[in-house]
file my_file_14.txt (compact mmCIF, C-alpha atoms)
# COMPACT_ATOMS: atom_id res chain seq x y z
CA MET I 16 -16.59 26.58 81.85
CA GLU I 17 -13.46 28.65 81.38
CA ALA I 18 -12.26 26.31 78.62
CA LEU I 19 -15.29 27.30 76.51
CA HIS I 20 -13.85 30.81 76.22
CA ASP I 21 -10.33 29.69 75.38
CA ARG I 22 -10.19 30.73 71.72
CA PHE I 23 -6.84 28.97 71.21
CA ALA I 24 -7.93 25.61 72.64
CA GLY I 25 -7.31 22.73 70.24
CA LEU I 26 -5.77 24.97 67.60
CA ARG I 27 -3.90 22.80 65.09
CA ARG I 28 -4.43 24.03 61.52
CA ILE I 29 -4.53 27.78 60.89
CA GLY I 30 -4.77 30.16 57.95
CA VAL I 31 -3.11 33.57 57.95
CA ASP I 32 -4.09 36.46 55.70
CA GLU I 33 -4.31 40.23 55.54
CA ILE I 34 -7.29 42.43 54.81
CA SER I 35 -7.54 46.11 53.97
CA TYR I 36 -10.08 47.77 56.26
CA LYS I 37 -9.53 51.43 55.35
CA ARG I 38 -8.03 53.54 52.60
CA GLY I 39 -4.44 54.61 52.99
CA HIS I 40 -2.91 51.14 53.29
CA LYS I 41 -4.62 50.26 56.58
CA TYR I 42 -4.53 46.50 57.11
CA LEU I 43 -5.48 43.82 59.60
CA THR I 44 -3.70 40.49 59.94
CA VAL I 45 -6.23 37.75 60.65
CA VAL I 46 -5.81 34.15 61.81
CA VAL I 47 -8.57 31.57 61.25
CA ASP I 48 -8.96 28.02 62.55
CA HIS I 49 -9.28 25.68 59.54
CA ASP I 50 -11.11 23.02 61.51
CA THR I 51 -13.87 25.25 62.91
CA GLY I 52 -13.86 28.23 60.55
CA ARG I 53 -13.61 30.56 63.56
CA LEU I 54 -11.71 33.83 63.59
CA VAL I 55 -9.25 33.27 66.43
CA TRP I 56 -7.14 36.43 66.30
CA ALA I 57 -6.82 39.78 64.50
CA ALA I 58 -4.59 42.83 64.90
CA PRO I 59 -3.74 45.98 62.91
CA GLY I 60 -0.69 45.74 60.64
CA ARG I 61 0.77 43.25 58.20
CA ASP I 62 4.38 42.59 59.08
CA LYS I 63 6.57 40.27 61.13
CA ALA I 64 5.96 42.16 64.39
CA THR I 65 2.18 41.88 63.93
CA LEU I 66 2.22 38.12 63.34
CA ASP I 67 4.70 37.64 66.19
CA GLY I 68 1.96 39.16 68.36
CA PHE I 69 -0.32 36.24 67.50
CA PHE I 70 2.28 33.64 68.45
CA ASP I 71 3.04 35.55 71.67
CA ALA I 72 -0.67 35.38 72.54
CA LEU I 73 -0.85 31.71 71.55
CA GLU I 74 2.14 30.74 73.66
CA GLY I 75 0.91 32.89 76.54
CA SER I 76 -2.42 31.04 76.58
CA GLY I 77 -0.73 27.74 77.29
CA LYS I 78 2.85 26.58 77.22
CA GLY I 79 3.77 24.54 74.18
CA ARG I 80 0.79 25.60 72.06
CA CYS I 81 2.96 26.93 69.24
CA ALA I 82 4.45 23.44 68.97
CA GLN I 83 0.92 22.02 68.50
CA ILE I 84 0.34 23.88 65.23
CA SER I 85 0.59 21.30 62.44
CA GLN I 86 -0.28 23.25 59.27
CA VAL I 87 -0.32 26.92 58.30
CA SER I 88 -1.84 28.14 55.03
CA ALA I 89 -1.04 31.57 53.62
CA ASP I 90 -0.11 33.38 50.44
CA GLY I 91 3.55 33.61 49.50
CA ALA I 92 4.36 36.67 51.64
CA ASP I 93 7.90 36.38 53.01
CA TRP I 94 6.97 38.02 56.32
CA ILE I 95 4.46 35.24 57.06
CA THR I 96 6.84 32.46 56.00
CA THR I 97 9.68 33.86 58.11
CA VAL I 98 7.64 34.19 61.31
CA VAL I 99 6.00 30.76 60.94
CA ALA I 100 9.39 29.12 60.35
CA ASP I 101 10.76 30.82 63.46
CA ARG I 102 7.83 30.38 65.87
CA CYS I 103 6.50 26.94 64.86
CA PRO I 104 9.14 25.28 62.66
CA GLN I 105 7.39 21.91 62.92
CA ALA I 106 4.33 23.25 61.09
CA VAL I 107 3.87 22.42 57.42
CA ARG I 108 3.52 25.59 55.34
CA CYS I 109 0.81 25.38 52.65
CA ALA I 110 0.66 27.90 49.79
CA ASP I 111 -2.89 29.03 49.10
CA PRO I 112 -3.82 27.64 45.63
CA PHE I 113 -5.95 30.70 44.81
CA HIS I 114 -2.97 33.02 45.25
CA VAL I 115 -0.65 30.76 43.24
CA VAL I 116 -3.09 30.67 40.30
CA LYS I 117 -3.53 34.43 40.71
CA TRP I 118 0.22 34.84 40.11
CA ALA I 119 -0.21 32.99 36.80
CA THR I 120 -3.27 35.08 35.90
CA GLU I 121 -1.30 38.27 36.54
CA ALA I 122 1.54 36.97 34.34
CA LEU I 123 -0.98 36.14 31.61
CA ASP I 124 -2.50 39.61 31.81
CA GLU I 125 0.97 41.12 31.46
CA VAL I 126 1.40 39.19 28.21
CA ARG I 127 -2.08 40.30 27.05
CA ARG I 128 -1.22 43.95 27.69
CA GLN I 129 2.04 43.56 25.76
CA ALA I 130 0.13 42.07 22.82
CA TRP I 131 -2.39 44.92 22.99
CA ASN I 132 0.34 47.56 23.03
CA THR I 133 2.05 45.87 20.08
CA ALA I 134 -1.23 45.93 18.14
CA ARG I 135 -1.72 49.60 18.95
CA GLY I 136 1.84 50.32 17.81
CA ALA I 137 0.96 48.88 14.40
CA ILE I 138 -1.69 51.55 13.80
CA THR I 139 -1.38 53.19 10.41
CA GLN I 140 -0.82 56.93 10.08
CA ARG I 141 -4.34 57.34 8.79
CA ARG I 142 -5.84 55.80 11.93
CA ALA I 143 -3.49 57.47 14.39
CA GLY I 144 -4.98 57.74 17.85
CA ARG I 145 -7.51 54.93 17.28
CA ALA I 146 -7.02 51.30 18.19
CA THR I 147 -7.00 48.69 15.46
CA GLY I 148 -9.63 45.97 15.44
CA GLN I 149 -7.09 43.51 16.82
CA ALA I 150 -6.16 45.86 19.66
CA LYS I 151 -9.84 46.30 20.56
CA ALA I 152 -10.39 42.57 20.51
CA LEU I 153 -7.39 41.96 22.77
CA LYS I 154 -8.57 44.64 25.17
CA HIS I 155 -11.87 42.84 25.65
CA ALA I 156 -10.32 39.37 25.79
CA ARG I 157 -9.40 39.62 29.47
CA TYR I 158 -12.32 37.66 30.89
CA ALA I 159 -12.07 34.91 28.28
CA LEU I 160 -8.43 34.45 29.27
CA TRP I 161 -9.07 34.65 33.01
CA LYS I 162 -12.06 32.33 33.34
CA ASN I 163 -11.84 28.58 33.82
CA PRO I 164 -12.58 26.74 30.53
CA GLU I 165 -15.67 25.05 31.95
CA ASN I 166 -17.21 28.45 32.73
CA LEU I 167 -16.67 30.10 29.35
CA THR I 168 -19.61 31.33 27.30
CA GLU I 169 -19.82 30.49 23.60
CA LYS I 170 -18.67 34.02 22.76
CA GLN I 171 -15.67 33.69 25.06
CA GLN I 172 -14.80 30.29 23.58
CA ALA I 173 -14.82 31.92 20.15
CA LYS I 174 -12.57 34.67 21.48
CA LEU I 175 -10.03 32.09 22.70
CA ALA I 176 -10.14 30.31 19.34
CA TRP I 177 -9.44 33.65 17.64
CA ILE I 178 -6.46 34.29 19.96
CA ALA I 179 -5.05 30.82 19.21
CA LYS I 180 -5.05 31.66 15.49
CA THR I 181 -3.88 35.28 15.63
CA ASP I 182 -1.49 35.39 18.62
CA PRO I 183 0.24 32.06 19.39
CA ARG I 184 2.43 33.66 22.10
CA LEU I 185 -0.58 34.92 24.06
CA HIS I 186 -2.33 31.58 23.61
CA ARG I 187 0.77 29.79 24.92
CA ALA I 188 0.68 32.04 27.99
CA TYR I 189 -2.98 31.09 28.47
CA LEU I 190 -2.10 27.39 28.30
CA LEU I 191 0.66 27.91 30.88
CA LYS I 192 -1.84 29.52 33.25
CA GLU I 193 -4.30 26.69 32.77
CA GLY I 194 -1.56 24.10 33.17
CA LEU I 195 -0.61 25.48 36.56
CA ARG I 196 -4.26 25.62 37.68
CA THR I 197 -4.79 22.00 36.65
CA ILE I 198 -1.94 20.80 38.88
CA PHE I 199 -4.01 21.63 41.97
CA SER I 200 -6.64 19.09 40.90
CA LEU I 201 -4.15 16.23 40.64
CA ASP I 202 -3.43 13.51 43.18
CA PRO I 203 -0.47 14.35 45.44
CA ALA I 204 1.51 11.46 43.90
CA GLU I 205 1.21 13.04 40.44
CA ALA I 206 1.48 16.70 41.42
CA SER I 207 5.23 16.83 42.05
CA THR I 208 6.16 15.45 38.63
CA ALA I 209 3.56 17.64 36.93
CA LEU I 210 4.87 20.74 38.69
CA ASP I 211 8.43 19.97 37.62
CA LYS I 212 7.28 19.59 34.02
CA TRP I 213 5.36 22.88 34.24
CA VAL I 214 8.46 24.67 35.57
CA GLY I 215 10.50 23.34 32.65
CA TRP I 216 7.79 24.38 30.18
CA ALA I 217 7.62 27.91 31.62
CA ARG I 218 11.42 28.21 31.69
CA ARG I 219 11.65 27.34 27.99
CA SER I 220 8.65 29.44 26.96
CA ARG I 221 10.69 32.60 26.28
CA ILE I 222 7.80 34.56 27.75
CA ASP I 223 9.42 36.86 30.31
CA ALA I 224 6.43 36.99 32.68
CA PHE I 225 6.32 33.19 32.95
CA VAL I 226 10.08 32.74 33.11
CA LYS I 227 9.94 35.05 36.12
CA LEU I 228 6.92 33.20 37.54
CA GLN I 229 8.60 29.78 37.37
CA ARG I 230 11.36 31.09 39.65
CA ARG I 231 8.68 32.06 42.16
CA ILE I 232 7.04 28.66 41.82
CA VAL I 233 10.36 26.90 42.46
CA LYS I 234 10.85 29.04 45.58
CA HIS I 235 7.45 27.97 46.93
CA LYS I 236 7.41 24.44 45.53
CA ALA I 237 7.40 22.69 48.92
CA SER I 238 4.45 24.73 50.23
CA ILE I 239 2.53 24.31 46.95
CA LEU I 240 2.87 20.52 47.10
CA ALA I 241 1.97 20.58 50.82
CA ALA I 242 -1.26 22.44 50.00
CA ILE I 243 -2.16 19.73 47.49
CA GLU I 244 -1.26 16.92 49.90
CA HIS I 245 -3.23 18.34 52.84
CA GLY I 246 -6.05 19.84 50.79
CA LEU I 247 -5.67 23.26 52.41
CA SER I 248 -6.47 26.64 50.94
CA ASN I 249 -7.33 30.06 52.30
CA GLY I 250 -10.98 29.63 51.31
CA ARG I 251 -12.21 29.80 54.91
CA ILE I 252 -10.04 32.85 55.54
CA GLU I 253 -11.39 34.62 52.46
CA SER I 254 -14.92 33.92 53.73
CA VAL I 255 -14.06 35.50 57.08
CA ASN I 256 -12.49 38.48 55.31
CA THR I 257 -15.68 39.01 53.30
CA LYS I 258 -17.70 39.13 56.53
CA ILE I 259 -15.23 41.58 58.09
CA ARG I 260 -15.69 43.86 55.07
CA LEU I 261 -19.46 43.60 55.54
CA ILE I 262 -19.10 44.64 59.19
CA THR I 263 -17.05 47.64 58.05
CA ARG I 264 -19.73 48.69 55.56
CA ILE I 265 -22.57 48.29 58.05
CA ALA I 266 -20.68 50.51 60.51
CA PHE I 267 -19.77 53.04 57.78
CA GLY I 268 -16.13 52.71 58.74
CA PHE I 269 -14.14 52.92 61.96
CA ALA I 270 -11.88 55.67 63.25
CA THR I 271 -9.57 53.05 64.77
CA PRO I 272 -9.28 49.29 64.11
CA GLU I 273 -9.99 48.16 67.68
CA PRO I 274 -13.84 48.44 67.47
CA LEU I 275 -13.77 46.58 64.15
CA ILE I 276 -11.66 43.79 65.66
CA ALA I 277 -14.00 43.58 68.68
CA LEU I 278 -17.09 43.27 66.46
CA ALA I 279 -15.36 40.75 64.19
CA MET I 280 -14.36 38.59 67.16
CA LEU I 281 -17.87 38.82 68.59
CA SER I 282 -19.51 37.87 65.29
CA LEU I 283 -16.97 35.40 63.90
CA GLY I 284 -15.07 34.13 66.92
CA GLY I 285 -17.59 31.44 67.80
CA HIS I 286 -17.79 32.38 71.50
CA PRO I 287 -20.95 34.44 72.11
CA PRO I 288 -20.96 36.05 75.55
CA ALA I 289 -23.39 34.87 78.24
CA LEU I 290 -26.19 37.47 78.27
CA PRO I 291 -28.08 38.53 81.41
CA GLY I 292 -31.04 36.28 82.18
CA ARG I 293 -29.65 33.30 80.25
CA THR I 294 -28.78 30.07 82.02

call {"tool": "encode", "arguments": {"input": "my_file_14.txt", "output": "structure tokens"}}
result
Amino acid sequence: MEALHDRFAGLRRIGVDEISYKRGHKYLTVVVDHDTGRLVWAAPGRDKATLDGFFDALEGSGKGRCAQISQVSADGADWITTVVADRCPQAVRCADPFHVVKWATEALDEVRRQAWNTARGAITQRRAGRATGQAKALKHARYALWKNPENLTEKQQAKLAWIAKTDPRLHRAYLLKEGLRTIFSLDPAEASTALDKWVGWARRSRIDAFVKLQRRIVKHKASILAAIEHGLSNGRIESVNTKIRLITRIAFGFATPEPLIALAMLSLGGHPPALPGRT
């Protein structure tokens, strides 16, 4: 019966993430079991010492359990990578695809803002203080550039076609973002070659935001390819985070994180307590 309440029993594949639970940079670090979707651990903070606390608890629950962890998914935060490499070096680190594509989307938006500022700088003296038509169009092009092609409306498709004609540099940045996103849909055997080609393309693009991004991609190449090979993402963790935010809203906030963690573990930990009168 005791084994039913062992939250770390059979833990093999985990996802690690952080969630803001209160204004003022108040964060929780959460750990979720990929195989069950259960929240297995949470604690206030988002640093090496916080995550070390999880591995201390894991090892304390049974000797050798850290060595049983086979895969860990997370974003590219160095503090997570460092602790995982130290505490369970045998585990394969998998970069969350959503976060990797988000890096490319942020780089693309940087290029869009540069194009917008350039268009505003071309304003004639007569129209000083007012954006040109091109600047206005670029300002409202964000969602057309961000969305996946298959989800674009006809109006957004027209917006992209207009960008391709009027701003080749911004359109090239869009294609770089889409190229990186597409790699995550490839077979593992094809992904490595495709990623190398993408890195070369970004390096030669002469777009500063993507030249910088390709260095980041090279740094995390092994974990990106591991995510593709093992089919892991932080999707389950993001789902748990959404439910934790809902708990926070229902409670209208918490003075300290401990009650929030207790409610989250009760609701999302998969181990409901035995209530009086139940057999």

call {"tool": "closest_residue", "arguments": {"input": "my_file_14.txt", "among": "I:Gly68, I:Gly25, I:Gly30, I:Pro59", "to": "Leu275 in chain I", "atoms": "all atoms listed in the file"}}
result
I:Pro59

call {"tool": "closest_atom_pairs", "arguments": {"input": "my_file_14.txt", "of": "range 160-219 of chain I", "to": "range 116-119 of chain I", "cutoff": "8 Å", "atoms": "only C-alpha atoms", "output": "Markdown table"}}
result
| residue | atom | partner | partner_atom | distance |
| --- | --- | --- | --- | --- |
| I:Leu191 | CA | I:Ala119 | CA | 7.8 |
| I:Lys192 | CA | I:Ala119 | CA | 5.2 |
| I:Leu195 | CA | I:Val116 | CA | 6.9 |
| I:Arg196 | CA | I:Val116 | CA | 5.8 |

call {"tool": "atom_distance", "arguments": {"input": "my_file_14.txt", "atom1": "CA of Arg22 in chain I", "atom2": "CA of Ala242 in chain I"}}
result
24.9 Å

call {"tool": "atom_distance", "arguments": {"input": "my_file_14.txt", "atom1": "CA of Gln86 in chain I", "atom2": "CA of Cys109 in chain I"}}
result
7.0 Å

call {"tool": "residues_around", "arguments": {"input": "my_file_14.txt", "residues": "Leu26 in chain I", "least_positions_apart": "4", "cutoff": "8 Å", "atoms": "all atoms listed in the file", "output": "ChimeraX atom specification"}}
result
/I:48,80,83-84

call {"tool": "atom_distance", "arguments": {"input": "my_file_14.txt", "atom1": "CA of Thr208 in chain I", "atom2": "CA of Ile29 in chain I"}}
result
27.6 Å

call {"tool": "decode", "arguments": {"input": "my_file_14.txt", "residues": "range 223-264 of chain I", "atoms": "N, CA and C atoms", "output": "PDB file, in the first residue's frame"}}
result
ATOM      1  N   ASP I 223      21.555  39.765 -38.350  1.00  0.00           N
ATOM      2  CA  ASP I 223      22.223  39.638 -37.054  1.00  0.00           C
ATOM      3  C   ASP I 223      21.474  38.748 -36.070  1.00  0.00           C
ATOM      4  N   ALA I 224      20.146  38.897 -36.005  1.00  0.00           N
ATOM      5  CA  ALA I 224      19.359  38.120 -35.048  1.00  0.00           C
ATOM      6  C   ALA I 224      19.480  36.623 -35.311  1.00  0.00           C
ATOM      7  N   PHE I 225      19.560  36.221 -36.582  1.00  0.00           N
ATOM      8  CA  PHE I 225      19.650  34.801 -36.913  1.00  0.00           C
ATOM      9  C   PHE I 225      21.083  34.292 -36.899  1.00  0.00           C
ATOM     10  N   VAL I 226      22.045  35.168 -37.147  1.00  0.00           N
ATOM     11  CA  VAL I 226      23.444  34.771 -36.963  1.00  0.00           C
ATOM     12  C   VAL I 226      23.684  34.454 -35.491  1.00  0.00           C
ATOM     13  N   LYS I 227      23.112  35.268 -34.617  1.00  0.00           N
ATOM     14  CA  LYS I 227      23.213  35.025 -33.176  1.00  0.00           C
ATOM     15  C   LYS I 227      22.463  33.755 -32.792  1.00  0.00           C
ATOM     16  N   LEU I 228      21.278  33.549 -33.384  1.00  0.00           N
ATOM     17  CA  LEU I 228      20.475  32.373 -33.053  1.00  0.00           C
ATOM     18  C   LEU I 228      21.181  31.085 -33.459  1.00  0.00           C
ATOM     19  N   GLN I 229      21.850  31.066 -34.603  1.00  0.00           N
ATOM     20  CA  GLN I 229      22.493  29.822 -35.048  1.00  0.00           C
ATOM     21  C   GLN I 229      23.582  29.383 -34.069  1.00  0.00           C
ATOM     22  N   ARG I 230      24.228  30.346 -33.404  1.00  0.00           N
ATOM     23  CA  ARG I 230      25.206  29.973 -32.383  1.00  0.00           C
ATOM     24  C   ARG I 230      24.503  29.249 -31.218  1.00  0.00           C
ATOM     25  N   ARG I 231      23.344  29.739 -30.861  1.00  0.00           N
ATOM     26  CA  ARG I 231      22.568  29.104 -29.789  1.00  0.00           C
ATOM     27  C   ARG I 231      22.109  27.709 -30.202  1.00  0.00           C
ATOM     28  N   ILE I 232      21.715  27.578 -31.454  1.00  0.00           N
ATOM     29  CA  ILE I 232      21.271  26.277 -31.963  1.00  0.00           C
ATOM     30  C   ILE I 232      22.428  25.283 -31.947  1.00  0.00           C
ATOM     31  N   VAL I 233      23.613  25.724 -32.364  1.00  0.00           N
ATOM     32  CA  VAL I 233      24.790  24.847 -32.347  1.00  0.00           C
ATOM     33  C   VAL I 233      25.084  24.390 -30.924  1.00  0.00           C
ATOM     34  N   LYS I 234      24.960  25.298 -29.963  1.00  0.00           N
ATOM     35  CA  LYS I 234      25.208  24.970 -28.556  1.00  0.00           C
ATOM     36  C   LYS I 234      24.265  23.869 -28.076  1.00  0.00           C
ATOM     37  N   HIS I 235      23.016  23.911 -28.530  1.00  0.00           N
ATOM     38  CA  HIS I 235      22.004  22.963 -28.060  1.00  0.00           C
ATOM     39  C   HIS I 235      21.679  21.882 -29.096  1.00  0.00           C
ATOM     40  N   LYS I 236      22.547  21.710 -30.081  1.00  0.00           N
ATOM     41  CA  LYS I 236      22.259  20.790 -31.176  1.00  0.00           C
ATOM     42  C   LYS I 236      21.966  19.381 -30.680  1.00  0.00           C
ATOM     43  N   ALA I 237      22.781  18.864 -29.770  1.00  0.00           N
ATOM     44  CA  ALA I 237      22.600  17.484 -29.297  1.00  0.00           C
ATOM     45  C   ALA I 237      21.234  17.299 -28.648  1.00  0.00           C
ATOM     46  N   SER I 238      20.815  18.269 -27.818  1.00  0.00           N
ATOM     47  CA  SER I 238      19.525  18.134 -27.128  1.00  0.00           C
ATOM     48  C   SER I 238      18.353  18.359 -28.085  1.00  0.00           C
ATOM     49  N   ILE I 239      18.545  19.162 -29.120  1.00  0.00           N
ATOM     50  CA  ILE I 239      17.502  19.350 -30.127  1.00  0.00           C
ATOM     51  C   ILE I 239      17.271  18.056 -30.897  1.00  0.00           C
ATOM     52  N   LEU I 240      18.357  17.435 -31.334  1.00  0.00           N
ATOM     53  CA  LEU I 240      18.237  16.166 -32.070  1.00  0.00           C
ATOM     54  C   LEU I 240      17.694  15.054 -31.179  1.00  0.00           C
ATOM     55  N   ALA I 241      18.043  15.088 -29.878  1.00  0.00           N
ATOM     56  CA  ALA I 241      17.521  14.084 -28.943  1.00  0.00           C
ATOM     57  C   ALA I 241      16.011  14.225 -28.794  1.00  0.00           C
ATOM     58  N   ALA I 242      15.520  15.470 -28.767  1.00  0.00           N
ATOM     59  CA  ALA I 242      14.075  15.700 -28.660  1.00  0.00           C
ATOM     60  C   ALA I 242      13.351  15.125 -29.867  1.00  0.00           C
ATOM     61  N   ILE I 243      13.946  15.267 -31.053  1.00  0.00           N
ATOM     62  CA  ILE I 243      13.345  14.724 -32.267  1.00  0.00           C
ATOM     63  C   ILE I 243      13.374  13.194 -32.239  1.00  0.00           C
ATOM     64  N   GLU I 244      14.504  12.636 -31.809  1.00  0.00           N
ATOM     65  CA  GLU I 244      14.644  11.181 -31.770  1.00  0.00           C
ATOM     66  C   GLU I 244      13.671  10.533 -30.792  1.00  0.00           C
ATOM     67  N   HIS I 245      13.519  11.135 -29.608  1.00  0.00           N
ATOM     68  CA  HIS I 245      12.686  10.528 -28.569  1.00  0.00           C
ATOM     69  C   HIS I 245      11.251  11.059 -28.575  1.00  0.00           C
ATOM     70  N   GLY I 246      10.978  12.043 -29.407  1.00  0.00           N
ATOM     71  CA  GLY I 246       9.625  12.576 -29.500  1.00  0.00           C
ATOM     72  C   GLY I 246       9.156  13.265 -28.241  1.00  0.00           C
ATOM     73  N   LEU I 247      10.079  13.906 -27.527  1.00  0.00           N
ATOM     74  CA  LEU I 247       9.735  14.564 -26.264  1.00  0.00           C
ATOM     75  C   LEU I 247       9.624  16.068 -26.430  1.00  0.00           C
ATOM     76  N   SER I 248       8.659  16.636 -25.745  1.00  0.00           N
ATOM     77  CA  SER I 248       8.513  18.083 -25.656  1.00  0.00           C
ATOM     78  C   SER I 248       8.014  18.401 -24.253  1.00  0.00           C
ATOM     79  N   ASN I 249       7.890  19.681 -23.957  1.00  0.00           N
ATOM     80  CA  ASN I 249       7.371  20.079 -22.655  1.00  0.00           C
ATOM     81  C   ASN I 249       5.861  20.312 -22.699  1.00  0.00           C
ATOM     82  N   GLY I 250       5.186  19.681 -23.663  1.00  0.00           N
ATOM     83  CA  GLY I 250       3.745  19.852 -23.778  1.00  0.00           C
ATOM     84  C   GLY I 250       2.996  19.460 -22.517  1.00  0.00           C
ATOM     85  N   ARG I 251       3.345  18.317 -21.933  1.00  0.00           N
ATOM     86  CA  ARG I 251       2.684  17.883 -20.692  1.00  0.00           C
ATOM     87  C   ARG I 251       2.960  18.867 -19.564  1.00  0.00           C
ATOM     88  N   ILE I 252       4.189  19.387 -19.520  1.00  0.00           N
ATOM     89  CA  ILE I 252       4.554  20.323 -18.461  1.00  0.00           C
ATOM     90  C   ILE I 252       3.783  21.623 -18.613  1.00  0.00           C
ATOM     91  N   GLU I 253       3.631  22.098 -19.851  1.00  0.00           N
ATOM     92  CA  GLU I 253       2.873  23.324 -20.086  1.00  0.00           C
ATOM     93  C   GLU I 253       1.410  23.139 -19.672  1.00  0.00           C
ATOM     94  N   SER I 254       0.873  21.937 -19.891  1.00  0.00           N
ATOM     95  CA  SER I 254      -0.492  21.649 -19.463  1.00  0.00           C
ATOM     96  C   SER I 254      -0.617  21.722 -17.945  1.00  0.00           C
ATOM     97  N   VAL I 255       0.354  21.152 -17.240  1.00  0.00           N
ATOM     98  CA  VAL I 255       0.360  21.219 -15.778  1.00  0.00           C
ATOM     99  C   VAL I 255       0.492  22.668 -15.318  1.00  0.00           C
ATOM    100  N   ASN I 256       1.352  23.442 -15.977  1.00  0.00           N
ATOM    101  CA  ASN I 256       1.525  24.843 -15.603  1.00  0.00           C
ATOM    102  C   ASN I 256       0.234  25.637 -15.756  1.00  0.00           C
ATOM    103  N   THR I 257      -0.513  25.341 -16.829  1.00  0.00           N
ATOM    104  CA  THR I 257      -1.795  26.019 -17.041  1.00  0.00           C
ATOM    105  C   THR I 257      -2.755  25.727 -15.894  1.00  0.00           C
ATOM    106  N   LYS I 258      -2.769  24.488 -15.414  1.00  0.00           N
ATOM    107  CA  LYS I 258      -3.653  24.117 -14.306  1.00  0.00           C
ATOM    108  C   LYS I 258      -3.199  24.748 -12.999  1.00  0.00           C
ATOM    109  N   ILE I 259      -1.887  24.903 -12.821  1.00  0.00           N
ATOM    110  CA  ILE I 259      -1.383  25.583 -11.617  1.00  0.00           C
ATOM    111  C   ILE I 259      -1.818  27.048 -11.632  1.00  0.00           C
ATOM    112  N   ARG I 260      -1.765  27.682 -12.800  1.00  0.00           N
ATOM    113  CA  ARG I 260      -2.220  29.072 -12.906  1.00  0.00           C
ATOM    114  C   ARG I 260      -3.705  29.179 -12.581  1.00  0.00           C
ATOM    115  N   LEU I 261      -4.481  28.182 -13.009  1.00  0.00           N
ATOM    116  CA  LEU I 261      -5.916  28.174 -12.708  1.00  0.00           C
ATOM    117  C   LEU I 261      -6.141  28.060 -11.207  1.00  0.00           C
ATOM    118  N   ILE I 262      -5.377  27.206 -10.542  1.00  0.00           N
ATOM    119  CA  ILE I 262      -5.482  27.080  -9.084  1.00  0.00           C
ATOM    120  C   ILE I 262      -5.183  28.420  -8.417  1.00  0.00           C
ATOM    121  N   THR I 263      -4.173  29.125  -8.915  1.00  0.00           N
ATOM    122  CA  THR I 263      -3.811  30.428  -8.360  1.00  0.00           C
ATOM    123  C   THR I 263      -4.951  31.416  -8.520  1.00  0.00           C
ATOM    124  N   ARG I 264      -5.601  31.421  -9.676  1.00  0.00           N
ATOM    125  CA  ARG I 264      -6.710  32.355  -9.904  1.00  0.00           C
ATOM    126  C   ARG I 264      -7.912  32.031  -9.028  1.00  0.00           C
TER     127      ARG I 264
END
